[in-house]
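Dropping run_2.tsv in here (TSV, C-alpha atoms):
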chain	number	residue	atom	x	y	z
A	1	MET	CA	80.19	105.58	110.97
A	2	LYS	CA	78.20	103.39	108.60
A	3	ASN	CA	80.75	103.75	105.80
A	4	ASP	CA	83.37	102.06	107.96
A	5	PHE	CA	81.17	98.96	108.05
A	6	ASP	CA	80.11	98.68	104.43
A	7	TYR	CA	83.40	99.67	102.75
A	8	ILE	CA	84.39	96.06	102.07
A	9	LYS	CA	81.12	95.28	100.30
A	10	THR	CA	81.23	98.53	98.31
A	11	ASN	CA	84.87	98.24	97.25
A	12	LYS	CA	84.66	94.52	96.54
A	13	GLN	CA	81.81	95.13	94.10
A	14	THR	CA	83.87	97.83	92.41
A	15	TRP	CA	86.91	95.58	92.01
A	16	ASN	CA	84.77	92.69	90.81
A	17	ASN	CA	83.36	94.98	88.13
A	18	LYS	CA	86.82	96.27	87.19
A	19	THR	CA	88.45	92.87	86.84
A	20	ALA	CA	87.05	91.90	83.43
A	21	ILE	CA	87.94	95.33	82.02
A	22	HIS	CA	91.45	95.24	83.45
A	23	ILE	CA	92.22	91.78	82.08
A	24	GLU	CA	91.38	92.94	78.55
A	25	SER	CA	93.13	96.31	78.86
A	26	GLU	CA	96.34	97.44	77.19
A	27	PHE	CA	97.41	98.71	80.61
A	28	TYR	CA	97.77	95.19	82.01
A	29	ASN	CA	98.77	93.71	78.63
A	30	ASN	CA	97.71	90.26	79.70
A	31	LYS	CA	98.70	88.72	76.36
A	32	SER	CA	102.35	89.68	76.90
A	33	PHE	CA	102.19	88.51	80.50
A	34	LEU	CA	100.87	85.09	79.49
A	35	GLU	CA	103.68	84.88	76.93
A	36	GLY	CA	106.27	85.38	79.69
A	37	LYS	CA	106.69	89.13	80.25
A	38	SER	CA	107.67	90.14	83.80
A	39	THR	CA	105.29	92.61	85.43
A	40	LEU	CA	107.74	93.86	88.08
A	41	ASN	CA	109.40	97.28	87.97
A	42	SER	CA	112.97	98.29	88.81
A	43	ILE	CA	111.80	99.97	92.04
A	44	GLU	CA	110.60	96.77	93.65
A	45	LEU	CA	113.11	94.49	91.91
A	46	SER	CA	115.98	96.44	93.48
A	47	LEU	CA	114.59	95.56	96.92
A	48	LEU	CA	113.37	92.01	96.36
A	49	GLY	CA	116.69	90.44	95.40
A	50	ASP	CA	116.99	86.74	94.55
A	51	LEU	CA	113.60	85.06	94.97
A	52	ASN	CA	114.65	81.51	94.22
A	53	ASN	CA	113.17	79.15	96.84
A	54	LYS	CA	111.78	82.08	98.85
A	55	ARG	CA	108.27	81.94	100.27
A	56	ILE	CA	106.51	85.19	99.44
A	57	LEU	CA	103.07	86.47	100.47
A	58	HIS	CA	101.58	89.05	98.10
A	59	LEU	CA	98.89	91.22	99.69
A	60	GLN	CA	96.11	92.75	97.55
A	61	CYS	CA	97.32	90.98	94.41
A	62	HIS	CA	94.37	91.80	92.07
A	63	PHE	CA	94.35	89.02	89.43
A	64	GLY	CA	97.84	87.92	90.31
A	65	GLN	CA	100.24	88.98	87.55
A	66	ASP	CA	102.98	89.97	89.99
A	67	THR	CA	102.30	86.92	92.15
A	68	MET	CA	102.78	84.62	89.18
A	69	THR	CA	105.87	86.58	88.13
A	70	PHE	CA	107.30	85.71	91.56
A	71	SER	CA	106.64	82.05	90.81
A	72	ARG	CA	108.41	82.38	87.47
A	73	LEU	CA	111.41	83.77	89.39
A	74	GLY	CA	111.57	80.64	91.53
A	75	ALA	CA	109.54	81.70	94.57
A	76	LYS	CA	106.75	79.80	96.31
A	77	ALA	CA	104.18	82.57	95.99
A	78	THR	CA	100.80	83.09	97.65
A	79	GLY	CA	98.49	85.90	96.52
A	80	ILE	CA	95.64	87.42	98.55
A	81	ASP	CA	92.76	89.56	97.31
A	82	PHE	CA	89.18	90.17	98.42
A	83	SER	CA	87.77	90.21	94.87
A	84	ASP	CA	86.42	86.75	94.09
A	85	LYS	CA	86.31	87.58	90.37
A	86	ALA	CA	89.99	88.56	90.40
A	87	ILE	CA	91.06	85.46	92.34
A	88	GLU	CA	88.99	83.28	90.02
A	89	LYS	CA	90.92	84.68	87.04
A	90	ALA	CA	94.25	84.41	88.87
A	91	ARG	CA	93.70	80.73	89.56
A	92	ALA	CA	92.71	80.09	85.94
A	93	PHE	CA	95.83	81.83	84.61
A	94	SER	CA	98.07	80.00	87.07
A	95	GLU	CA	96.64	76.68	85.97
A	96	LYS	CA	97.00	77.64	82.31
A	97	LEU	CA	100.65	78.55	82.87
A	98	ASN	CA	101.25	75.42	85.00
A	99	LEU	CA	102.57	77.51	87.89
A	100	ASP	CA	102.63	76.44	91.53
A	101	THR	CA	101.03	79.68	92.74
A	102	THR	CA	98.45	79.75	95.54
A	103	PHE	CA	95.60	82.27	95.58
A	104	ILE	CA	93.28	82.96	98.51
A	105	CYS	CA	90.17	85.12	98.38
A	106	CYS	CA	89.65	87.04	101.60
A	107	ASP	CA	89.79	90.48	103.17
A	108	ILE	CA	93.32	91.42	104.20
A	109	TYR	CA	92.45	91.72	107.89
A	110	ASP	CA	90.97	88.22	107.84
A	111	ILE	CA	94.00	86.42	106.35
A	112	PRO	CA	95.04	84.78	109.68
A	113	ASN	CA	91.75	82.85	109.55
A	114	HIS	CA	92.59	81.49	106.08
A	115	LEU	CA	96.34	80.91	106.17
A	116	ASP	CA	98.68	79.35	108.74
A	117	GLU	CA	102.18	79.87	107.37
A	118	LYS	CA	105.24	82.10	107.78
A	119	PHE	CA	107.01	83.78	104.88
A	120	ASP	CA	110.47	85.02	103.95
A	121	ILE	CA	108.92	88.07	102.27
A	122	VAL	CA	105.61	89.89	102.52
A	123	PHE	CA	105.03	92.17	99.52
A	124	THR	CA	102.52	94.82	98.52
A	125	SER	CA	102.55	97.38	95.72
A	126	TYR	CA	100.84	100.28	93.94
A	127	GLY	CA	97.41	101.39	95.05
A	128	THR	CA	96.95	99.14	98.06
A	129	ILE	CA	96.76	100.70	101.51
A	130	GLY	CA	94.34	103.45	100.51
A	131	TRP	CA	91.60	100.83	100.53
A	132	LEU	CA	92.21	100.07	104.21
A	133	PRO	CA	90.89	102.10	107.15
A	134	ASP	CA	93.24	100.78	109.86
A	135	ILE	CA	96.96	100.82	109.11
A	136	ASP	CA	97.94	99.53	112.55
A	137	LYS	CA	95.83	96.43	111.91
A	138	TRP	CA	97.38	96.09	108.44
A	139	ALA	CA	100.92	96.28	109.84
A	140	ALA	CA	100.05	93.63	112.43
A	141	VAL	CA	99.02	91.29	109.60
A	142	VAL	CA	102.31	91.97	107.80
A	143	SER	CA	104.27	91.19	110.97
A	144	HIS	CA	102.18	88.10	111.76
A	145	PHE	CA	103.12	86.38	108.51
A	146	LEU	CA	106.83	87.19	108.49
A	147	LYS	CA	109.44	84.78	109.79
A	148	PRO	CA	111.99	86.26	112.21
A	149	LYS	CA	114.39	88.25	109.99
A	150	GLY	CA	111.81	88.05	107.21
A	151	ARG	CA	111.49	91.11	105.00
A	152	PHE	CA	108.59	93.37	104.13
A	153	ILE	CA	108.82	95.02	100.70
A	154	MET	CA	106.43	97.77	99.68
A	155	ALA	CA	106.21	100.10	96.68
A	156	ASP	CA	103.18	102.35	96.47
A	157	PHE	CA	101.94	105.68	95.25
A	158	HIS	CA	103.01	108.53	97.47
A	159	PRO	CA	100.30	109.98	99.75
A	160	VAL	CA	100.97	113.44	98.26
A	161	ILE	CA	99.39	112.15	95.02
A	162	TRP	CA	96.07	111.51	96.72
A	163	MET	CA	95.77	115.12	97.90
A	164	PHE	CA	95.02	116.42	94.39
A	165	ASP	CA	91.91	116.48	92.25
A	166	ASN	CA	91.94	114.08	89.28
A	167	ASP	CA	93.62	116.61	86.96
A	168	PHE	CA	96.20	117.74	89.53
A	169	LYS	CA	95.02	121.33	89.36
A	170	LYS	CA	94.39	121.90	93.06
A	171	VAL	CA	94.82	120.33	96.47
A	172	PHE	CA	91.46	118.70	97.12
A	173	TYR	CA	91.92	116.29	100.04
A	174	SER	CA	93.87	116.36	103.29
A	175	TYR	CA	97.26	114.67	103.43
A	176	PHE	CA	96.18	113.23	106.76
A	177	ASN	CA	93.79	110.40	107.55
A	178	ILE	CA	90.87	112.42	108.87
A	179	GLU	CA	87.86	110.71	107.27
A	180	PRO	CA	86.78	108.18	104.64
A	181	ILE	CA	86.84	109.49	101.07
A	182	ILE	CA	83.73	108.46	99.15
A	183	GLU	CA	83.83	108.90	95.37
A	184	LEU	CA	81.60	108.11	92.41
A	185	GLU	CA	83.55	107.85	89.17
A	186	SER	CA	83.29	106.60	85.61
A	187	GLY	CA	86.02	104.66	83.84
A	188	THR	CA	89.04	103.03	85.46
A	189	TYR	CA	92.75	103.78	85.49
A	190	ALA	CA	93.37	100.82	83.17
A	191	ASP	CA	90.77	102.01	80.64
A	192	LYS	CA	89.71	105.62	81.14
A	193	ASN	CA	87.19	105.40	78.31
A	194	SER	CA	85.36	102.46	79.83
A	195	LYS	CA	81.70	103.09	80.62
A	196	ILE	CA	82.02	101.46	84.05
A	197	GLU	CA	80.53	103.45	86.95
A	198	THR	CA	82.08	102.84	90.36
A	199	LYS	CA	81.69	103.83	93.99
A	200	THR	CA	84.76	103.67	96.20
A	201	ILE	CA	85.54	104.25	99.86
A	202	THR	CA	89.20	104.97	100.57
A	203	TRP	CA	91.49	106.57	103.15
A	204	ASN	CA	94.60	108.73	102.85
A	205	HIS	CA	97.53	107.51	104.94
A	206	PRO	CA	100.44	109.89	105.56
A	207	THR	CA	103.97	108.52	105.53
A	208	SER	CA	104.33	108.85	109.30
A	209	GLU	CA	101.25	106.69	109.87
A	210	VAL	CA	102.63	103.90	107.66
A	211	LEU	CA	106.16	103.92	109.09
A	212	ASN	CA	105.03	104.12	112.70
A	213	ALA	CA	102.55	101.28	112.24
A	214	LEU	CA	105.30	99.01	110.89
A	215	ILE	CA	107.71	100.01	113.66
A	216	GLN	CA	105.10	99.40	116.36
A	217	SER	CA	104.41	95.96	114.88
A	218	GLY	CA	107.99	94.89	115.43
A	219	LEU	CA	109.57	95.75	112.09
A	220	GLU	CA	112.84	97.61	111.64
A	221	ILE	CA	112.87	100.06	108.73
A	222	ASN	CA	115.92	99.37	106.55
A	223	SER	CA	115.18	101.83	103.76
A	224	PHE	CA	112.61	104.41	102.73
A	225	ASN	CA	112.87	105.94	99.26
A	226	GLU	CA	110.80	108.45	97.30
A	227	TYR	CA	110.58	108.77	93.52
A	228	ASP	CA	109.57	111.72	91.34
A	229	TYR	CA	107.86	109.47	88.78
A	230	SER	CA	105.36	106.64	88.44
A	231	PRO	CA	106.22	103.44	86.53
A	232	TYR	CA	102.57	103.34	85.44
A	233	ASN	CA	100.64	105.73	83.23
A	234	CYS	CA	97.55	105.59	85.42
A	235	PHE	CA	96.92	109.26	86.18
A	236	ASN	CA	95.60	112.20	84.19
A	237	GLN	CA	97.80	114.95	82.73
A	238	THR	CA	100.87	112.71	82.42
A	239	GLU	CA	103.92	112.69	80.18
A	240	GLU	CA	106.46	109.93	79.64
A	241	PHE	CA	109.76	111.76	80.14
A	242	GLU	CA	111.79	108.53	79.99
A	243	LYS	CA	110.74	105.09	78.84
A	244	GLY	CA	108.46	103.61	81.50
A	245	LYS	CA	108.58	106.74	83.71
A	246	PHE	CA	105.59	109.05	83.96
A	247	ARG	CA	105.10	112.44	85.62
A	248	ILE	CA	102.31	114.96	85.86
A	249	LYS	CA	103.29	117.22	82.98
A	250	HIS	CA	102.66	120.61	84.59
A	251	LEU	CA	104.21	119.54	87.91
A	252	GLY	CA	107.38	117.99	86.49
A	253	ASN	CA	109.68	116.58	89.17
A	254	LYS	CA	108.30	118.83	91.91
A	255	ILE	CA	106.23	116.21	93.74
A	256	PRO	CA	106.91	112.66	94.97
A	257	MET	CA	104.84	110.09	93.11
A	258	VAL	CA	106.00	106.76	94.54
A	259	PHE	CA	107.67	105.57	97.74
A	260	SER	CA	109.27	102.27	98.69
A	261	ILE	CA	109.96	100.58	102.01
A	262	GLU	CA	112.15	97.68	103.01
A	263	ALA	CA	111.74	96.49	106.60
A	264	THR	CA	112.86	93.46	108.61
A	265	LYS	CA	110.95	91.51	111.25
A	266	LYS	CA	112.87	91.66	114.52
Output the file's structure in the form of structure tokens.
Amino acid sequence: MKNDFDYIKTNKQTWNNKTAIHIESEFYNNKSFLEGKSTLNSIELSLLGDLNNKRILHLQCHFGQDTMTFSRLGAKATGIDFSDKAIEKARAFSEKLNLDTTFICCDIYDIPNHLDEKFDIVFTSYGTIGWLPDIDKWAAVVSHFLKPKGRFIMADFHPVIWMFDNDFKKVFYSYFNIEPIIELESGTYADKNSKIETKTITWNHPTSEVLNALIQSGLEINSFNEYDYSPYNCFNQTEEFEKGKFRIKHLGNKIPMVFSIEATKK
């Protein structure tokens, strides 16, 4: 299918266009980040543990706030993203903050051609794997870069979320990975009033697909958790029921919104 071949070009253009808007948005609050604010949430912090002197590879890092937060916590952090505009900004911020953070611009499947290193931790979070068509190939990349006994940490939006229409009024898409999802939208989750027009090509990945891909790539699942809230106010029809915790107002705590995984390389 043609869309399987041009998805990188299409999505890269979208993320290049989004980057400037996101950097200036209240959602990312870049001013507070540059002043020292951590961008990590309790969900992932509870799994990451002490990062001092750890080598950590951050997949799909956008413009690198979390990656640089890892550096501030004492890690030797490397961030990967396919958006050249995002990586350009990440490098500029890292230099401005005098951080020893490495950023590489490439597609996730192509990282082995750009990086020859093993890591204590491979990390990915929030809105990542939906941009990838092949989860088995993704899991192989994760495994490739982990040291023996190295850990994979993931926190992401639950696949149930992606079944709904934008206002969570009806089930619109399949839970299962049956075809590419092609969408034309205006605005962006970080600034819904932005006049940006985007085209995206994404895939839904059920939980079983993700877990089995990691297992088949030689990782042992240590924990899998589900959460009835999002730490980000990035969806429509939300309410903040506790500080920093958002749900779809009319669905309450009835659906999972986030999941986390901790796995170890055998």
Taking all atoms listed in the file into account, produce a table as JSON lines in which each residue of segment 18-132 of chain A with an atom at most 9 Å from an atom of segment 196-219 of chain A appears once, together with its shortest atom pair and the distance in Å to one decimal, ordered by chain and rising number.
{"residue": "A:Lys18", "atom": "CA", "partner": "A:Ile196", "partner_atom": "CA", "distance": 7.7}
{"residue": "A:Ile21", "atom": "CA", "partner": "A:Ile196", "partner_atom": "CA", "distance": 8.8}
{"residue": "A:Ile129", "atom": "CA", "partner": "A:His205", "partner_atom": "CA", "distance": 7.7}
{"residue": "A:Gly130", "atom": "CA", "partner": "A:Trp203", "partner_atom": "CA", "distance": 5.0}
{"residue": "A:Trp131", "atom": "CA", "partner": "A:Thr202", "partner_atom": "CA", "distance": 4.8}
{"residue": "A:Leu132", "atom": "CA", "partner": "A:Trp203", "partner_atom": "CA", "distance": 6.6}
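One finds atom CA of Asp156 of chain A at 7.8 Å from atom CA of Thr124 of chain A.
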Excluding same-chain residues fewer than 2 positions from Thr102 of chain A, what lies within 12 Å of it counting only C-alpha atoms, as a PDB file with C-alpha atoms, in the frame of the given file?
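Here's the written file part22.pdb:
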ATOM      1  CA  ARG A  55     108.270  81.940 100.270  1.00  0.00           C
ATOM      2  CA  ILE A  56     106.510  85.190  99.440  1.00  0.00           C
ATOM      3  CA  LEU A  57     103.070  86.470 100.470  1.00  0.00           C
ATOM      4  CA  HIS A  58     101.580  89.050  98.100  1.00  0.00           C
ATOM      5  CA  CYS A  61      97.320  90.980  94.410  1.00  0.00           C
ATOM      6  CA  PHE A  63      94.350  89.020  89.430  1.00  0.00           C
ATOM      7  CA  GLY A  64      97.840  87.920  90.310  1.00  0.00           C
ATOM      8  CA  THR A  67     102.300  86.920  92.150  1.00  0.00           C
ATOM      9  CA  MET A  68     102.780  84.620  89.180  1.00  0.00           C
ATOM     10  CA  PHE A  70     107.300  85.710  91.560  1.00  0.00           C
ATOM     11  CA  SER A  71     106.640  82.050  90.810  1.00  0.00           C
ATOM     12  CA  ALA A  75     109.540  81.700  94.570  1.00  0.00           C
ATOM     13  CA  LYS A  76     106.750  79.800  96.310  1.00  0.00           C
ATOM     14  CA  ALA A  77     104.180  82.570  95.990  1.00  0.00           C
ATOM     15  CA  THR A  78     100.800  83.090  97.650  1.00  0.00           C
ATOM     16  CA  GLY A  79      98.490  85.900  96.520  1.00  0.00           C
ATOM     17  CA  ILE A  80      95.640  87.420  98.550  1.00  0.00           C
ATOM     18  CA  ASP A  81      92.760  89.560  97.310  1.00  0.00           C
ATOM     19  CA  ILE A  87      91.060  85.460  92.340  1.00  0.00           C
ATOM     20  CA  GLU A  88      88.990  83.280  90.020  1.00  0.00           C
ATOM     21  CA  ALA A  90      94.250  84.410  88.870  1.00  0.00           C
ATOM     22  CA  ARG A  91      93.700  80.730  89.560  1.00  0.00           C
ATOM     23  CA  ALA A  92      92.710  80.090  85.940  1.00  0.00           C
ATOM     24  CA  PHE A  93      95.830  81.830  84.610  1.00  0.00           C
ATOM     25  CA  SER A  94      98.070  80.000  87.070  1.00  0.00           C
ATOM     26  CA  GLU A  95      96.640  76.680  85.970  1.00  0.00           C
ATOM     27  CA  ASN A  98     101.250  75.420  85.000  1.00  0.00           C
ATOM     28  CA  LEU A  99     102.570  77.510  87.890  1.00  0.00           C
ATOM     29  CA  ASP A 100     102.630  76.440  91.530  1.00  0.00           C
ATOM     30  CA  ILE A 104      93.280  82.960  98.510  1.00  0.00           C
ATOM     31  CA  CYS A 105      90.170  85.120  98.380  1.00  0.00           C
ATOM     32  CA  LEU A 115      96.340  80.910 106.170  1.00  0.00           C
TER      33      LEU A 115
END
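The interatomic distance for the pair atom CA of Thr264 of chain A and atom CA of Lys149 of chain A works out to 5.6 Å.
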Residues near segment 245-256 of chain A, cut-off 9 Å, all atoms listed in the file, skip fewer than 6 positions along chain, as a short mmCIF file (atom, residue, chain, number, x, y, z; two decimals) with C-alpha atoms, keeping the file's coordinate frame:
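result-v6.cif, written as the output of this step:
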data_model
loop_
_atom_site.label_atom_id
_atom_site.label_comp_id
_atom_site.auth_asym_id
_atom_site.auth_seq_id
_atom_site.Cartn_x
_atom_site.Cartn_y
_atom_site.Cartn_z
CA PHE A 157 101.94 105.68 95.25
CA HIS A 158 103.01 108.53 97.47
CA PRO A 159 100.30 109.98 99.75
CA VAL A 160 100.97 113.44 98.26
CA ILE A 161 99.39 112.15 95.02
CA ASP A 167 93.62 116.61 86.96
CA PHE A 168 96.20 117.74 89.53
CA GLU A 226 110.80 108.45 97.30
CA TYR A 227 110.58 108.77 93.52
CA ASP A 228 109.57 111.72 91.34
CA TYR A 229 107.86 109.47 88.78
CA SER A 230 105.36 106.64 88.44
CA PRO A 231 106.22 103.44 86.53
CA TYR A 232 102.57 103.34 85.44
CA ASN A 233 100.64 105.73 83.23
CA CYS A 234 97.55 105.59 85.42
CA PHE A 235 96.92 109.26 86.18
CA ASN A 236 95.60 112.20 84.19
CA GLN A 237 97.80 114.95 82.73
CA THR A 238 100.87 112.71 82.42
CA GLU A 239 103.92 112.69 80.18
#
With all atoms listed in the file as the counted atoms, please give the residues lying no more than 7 Å from Asp107 of chain A, apart from itself and same-chain residues fewer than 2 positions off, as a ChimeraX atom specification. /A:81-82,109-111
Write a file of the selected residues as a compact mmCIF listing (two decimals), in the frame of the given file, keeping C-alpha atoms.
# COMPACT_ATOMS: atom_id res chain seq x y z
CA ASP A 81 92.76 89.56 97.31
CA PHE A 82 89.18 90.17 98.42
CA TYR A 109 92.45 91.72 107.89
CA ASP A 110 90.97 88.22 107.84
CA ILE A 111 94.00 86.42 106.35
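If only C-alpha atoms are the atoms counted, then among A:Leu59, A:Ala190, A:Ile181, A:Ala86 the closest residue to Trp138 of chain A is A:Leu59.
Atom pair atom CA of Ala263 of chain A / atom CA of Leu47 of chain A: separated by 10.1 Å.
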Pick from A:Ile261, A:Gly187, A:Lys195, A:Gln13, whichever lies nearest to Val122 of chain A using all atoms listed in the file: A:Ile261
Name all residues at most 12 Å from Glu26 of chain A (count only C-alpha atoms; drop same-chain ones fewer than 2 positions away) and give them as an MDAnalysis selection string. chainID A and resid 21:24 28:33 189:192 232:234
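For the set A:Glu35, A:Pro148, A:Ile108, A:Ile43, the residue with the smallest atom-to-atom gap to Arg72 of chain A is A:Glu35, counting only C-alpha atoms.
Near Ser260 of chain A, within a cut-off of 6 Å and counting all atoms listed in the file, sit the residues Met154, Ala155, Phe224 and Asn225 of chain A, with same-chain residues fewer than 5 positions away left out.
Nearest to Lys12 of chain A of all the residues A:His62, A:Lys89, A:His114, A:Lys170 is A:His62, based on only C-alpha atoms.
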Supply segment 86-95 of chain A as a JSON list (two decimals), in the coordinates of the input, with all heavy atoms built in where the input has gaps.
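Saved file part_12.json follows:
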[["chain", "number", "residue", "atom", "x", "y", "z"],
["A", 86, "ALA", "N", 88.56, 88.46, 90.69],
["A", 86, "ALA", "CA", 89.99, 88.56, 90.40],
["A", 86, "ALA", "C", 90.71, 87.26, 90.76],
["A", 86, "ALA", "O", 91.55, 86.77, 89.99],
["A", 86, "ALA", "CB", 90.60, 89.73, 91.16],
["A", 87, "ILE", "N", 90.40, 86.70, 91.92],
["A", 87, "ILE", "CA", 91.06, 85.46, 92.34],
["A", 87, "ILE", "C", 90.67, 84.30, 91.42],
["A", 87, "ILE", "O", 91.49, 83.43, 91.10],
["A", 87, "ILE", "CB", 90.72, 85.14, 93.81],
["A", 87, "ILE", "CG1", 91.40, 86.15, 94.73],
["A", 87, "ILE", "CG2", 91.14, 83.72, 94.17],
["A", 87, "ILE", "CD1", 92.91, 86.14, 94.69],
["A", 88, "GLU", "N", 89.43, 84.30, 90.98],
["A", 88, "GLU", "CA", 88.99, 83.28, 90.02],
["A", 88, "GLU", "C", 89.84, 83.32, 88.76],
["A", 88, "GLU", "O", 90.28, 82.28, 88.25],
["A", 88, "GLU", "CB", 87.51, 83.53, 89.69],
["A", 88, "GLU", "CG", 86.90, 82.58, 88.68],
["A", 88, "GLU", "CD", 85.45, 82.96, 88.40],
["A", 88, "GLU", "OE1", 84.65, 82.95, 89.33],
["A", 88, "GLU", "OE2", 85.15, 83.29, 87.24],
["A", 89, "LYS", "N", 90.10, 84.52, 88.24],
["A", 89, "LYS", "CA", 90.92, 84.68, 87.04],
["A", 89, "LYS", "C", 92.37, 84.31, 87.33],
["A", 89, "LYS", "O", 93.04, 83.68, 86.51],
["A", 89, "LYS", "CB", 90.84, 86.11, 86.53],
["A", 89, "LYS", "CG", 89.47, 86.50, 85.98],
["A", 89, "LYS", "CD", 89.13, 85.70, 84.74],
["A", 89, "LYS", "CE", 87.83, 86.16, 84.11],
["A", 89, "LYS", "NZ", 87.47, 85.37, 82.91],
["A", 90, "ALA", "N", 92.87, 84.72, 88.50],
["A", 90, "ALA", "CA", 94.25, 84.41, 88.87],
["A", 90, "ALA", "C", 94.49, 82.90, 88.89],
["A", 90, "ALA", "O", 95.50, 82.40, 88.36],
["A", 90, "ALA", "CB", 94.57, 85.01, 90.23],
["A", 91, "ARG", "N", 93.56, 82.18, 89.49],
["A", 91, "ARG", "CA", 93.70, 80.73, 89.56],
["A", 91, "ARG", "C", 93.66, 80.10, 88.16],
["A", 91, "ARG", "O", 94.43, 79.17, 87.86],
["A", 91, "ARG", "CB", 92.60, 80.15, 90.43],
["A", 91, "ARG", "CG", 92.78, 80.44, 91.92],
["A", 91, "ARG", "CD", 91.55, 80.06, 92.72],
["A", 91, "ARG", "NE", 91.76, 80.24, 94.16],
["A", 91, "ARG", "CZ", 90.79, 80.33, 95.05],
["A", 91, "ARG", "NH1", 89.50, 80.23, 94.65],
["A", 91, "ARG", "NH2", 91.06, 80.50, 96.33],
["A", 92, "ALA", "N", 92.80, 80.63, 87.30],
["A", 92, "ALA", "CA", 92.71, 80.09, 85.94],
["A", 92, "ALA", "C", 94.00, 80.33, 85.16],
["A", 92, "ALA", "O", 94.48, 79.45, 84.45],
["A", 92, "ALA", "CB", 91.52, 80.74, 85.22],
["A", 93, "PHE", "N", 94.57, 81.53, 85.31],
["A", 93, "PHE", "CA", 95.83, 81.83, 84.61],
["A", 93, "PHE", "C", 96.97, 80.99, 85.15],
["A", 93, "PHE", "O", 97.82, 80.51, 84.40],
["A", 93, "PHE", "CB", 96.17, 83.32, 84.73],
["A", 93, "PHE", "CG", 95.26, 84.22, 83.94],
["A", 93, "PHE", "CD1", 94.80, 85.42, 84.48],
["A", 93, "PHE", "CD2", 94.86, 83.89, 82.65],
["A", 93, "PHE", "CE1", 93.97, 86.25, 83.76],
["A", 93, "PHE", "CE2", 94.02, 84.72, 81.93],
["A", 93, "PHE", "CZ", 93.57, 85.90, 82.48],
["A", 94, "SER", "N", 97.02, 80.81, 86.47],
["A", 94, "SER", "CA", 98.07, 80.00, 87.07],
["A", 94, "SER", "C", 98.01, 78.56, 86.58],
["A", 94, "SER", "O", 99.05, 77.95, 86.28],
["A", 94, "SER", "CB", 97.94, 80.05, 88.60],
["A", 94, "SER", "OG", 98.93, 79.27, 89.21],
["A", 95, "GLU", "N", 96.81, 78.05, 86.48],
["A", 95, "GLU", "CA", 96.64, 76.68, 85.97],
["A", 95, "GLU", "C", 97.05, 76.60, 84.51],
["A", 95, "GLU", "O", 97.74, 75.66, 84.09],
["A", 95, "GLU", "CB", 95.19, 76.24, 86.15],
["A", 95, "GLU", "CG", 94.93, 74.80, 85.71],
["A", 95, "GLU", "CD", 93.51, 74.35, 85.98],
["A", 95, "GLU", "OE1", 92.75, 75.10, 86.64],
["A", 95, "GLU", "OE2", 93.16, 73.25, 85.53]]
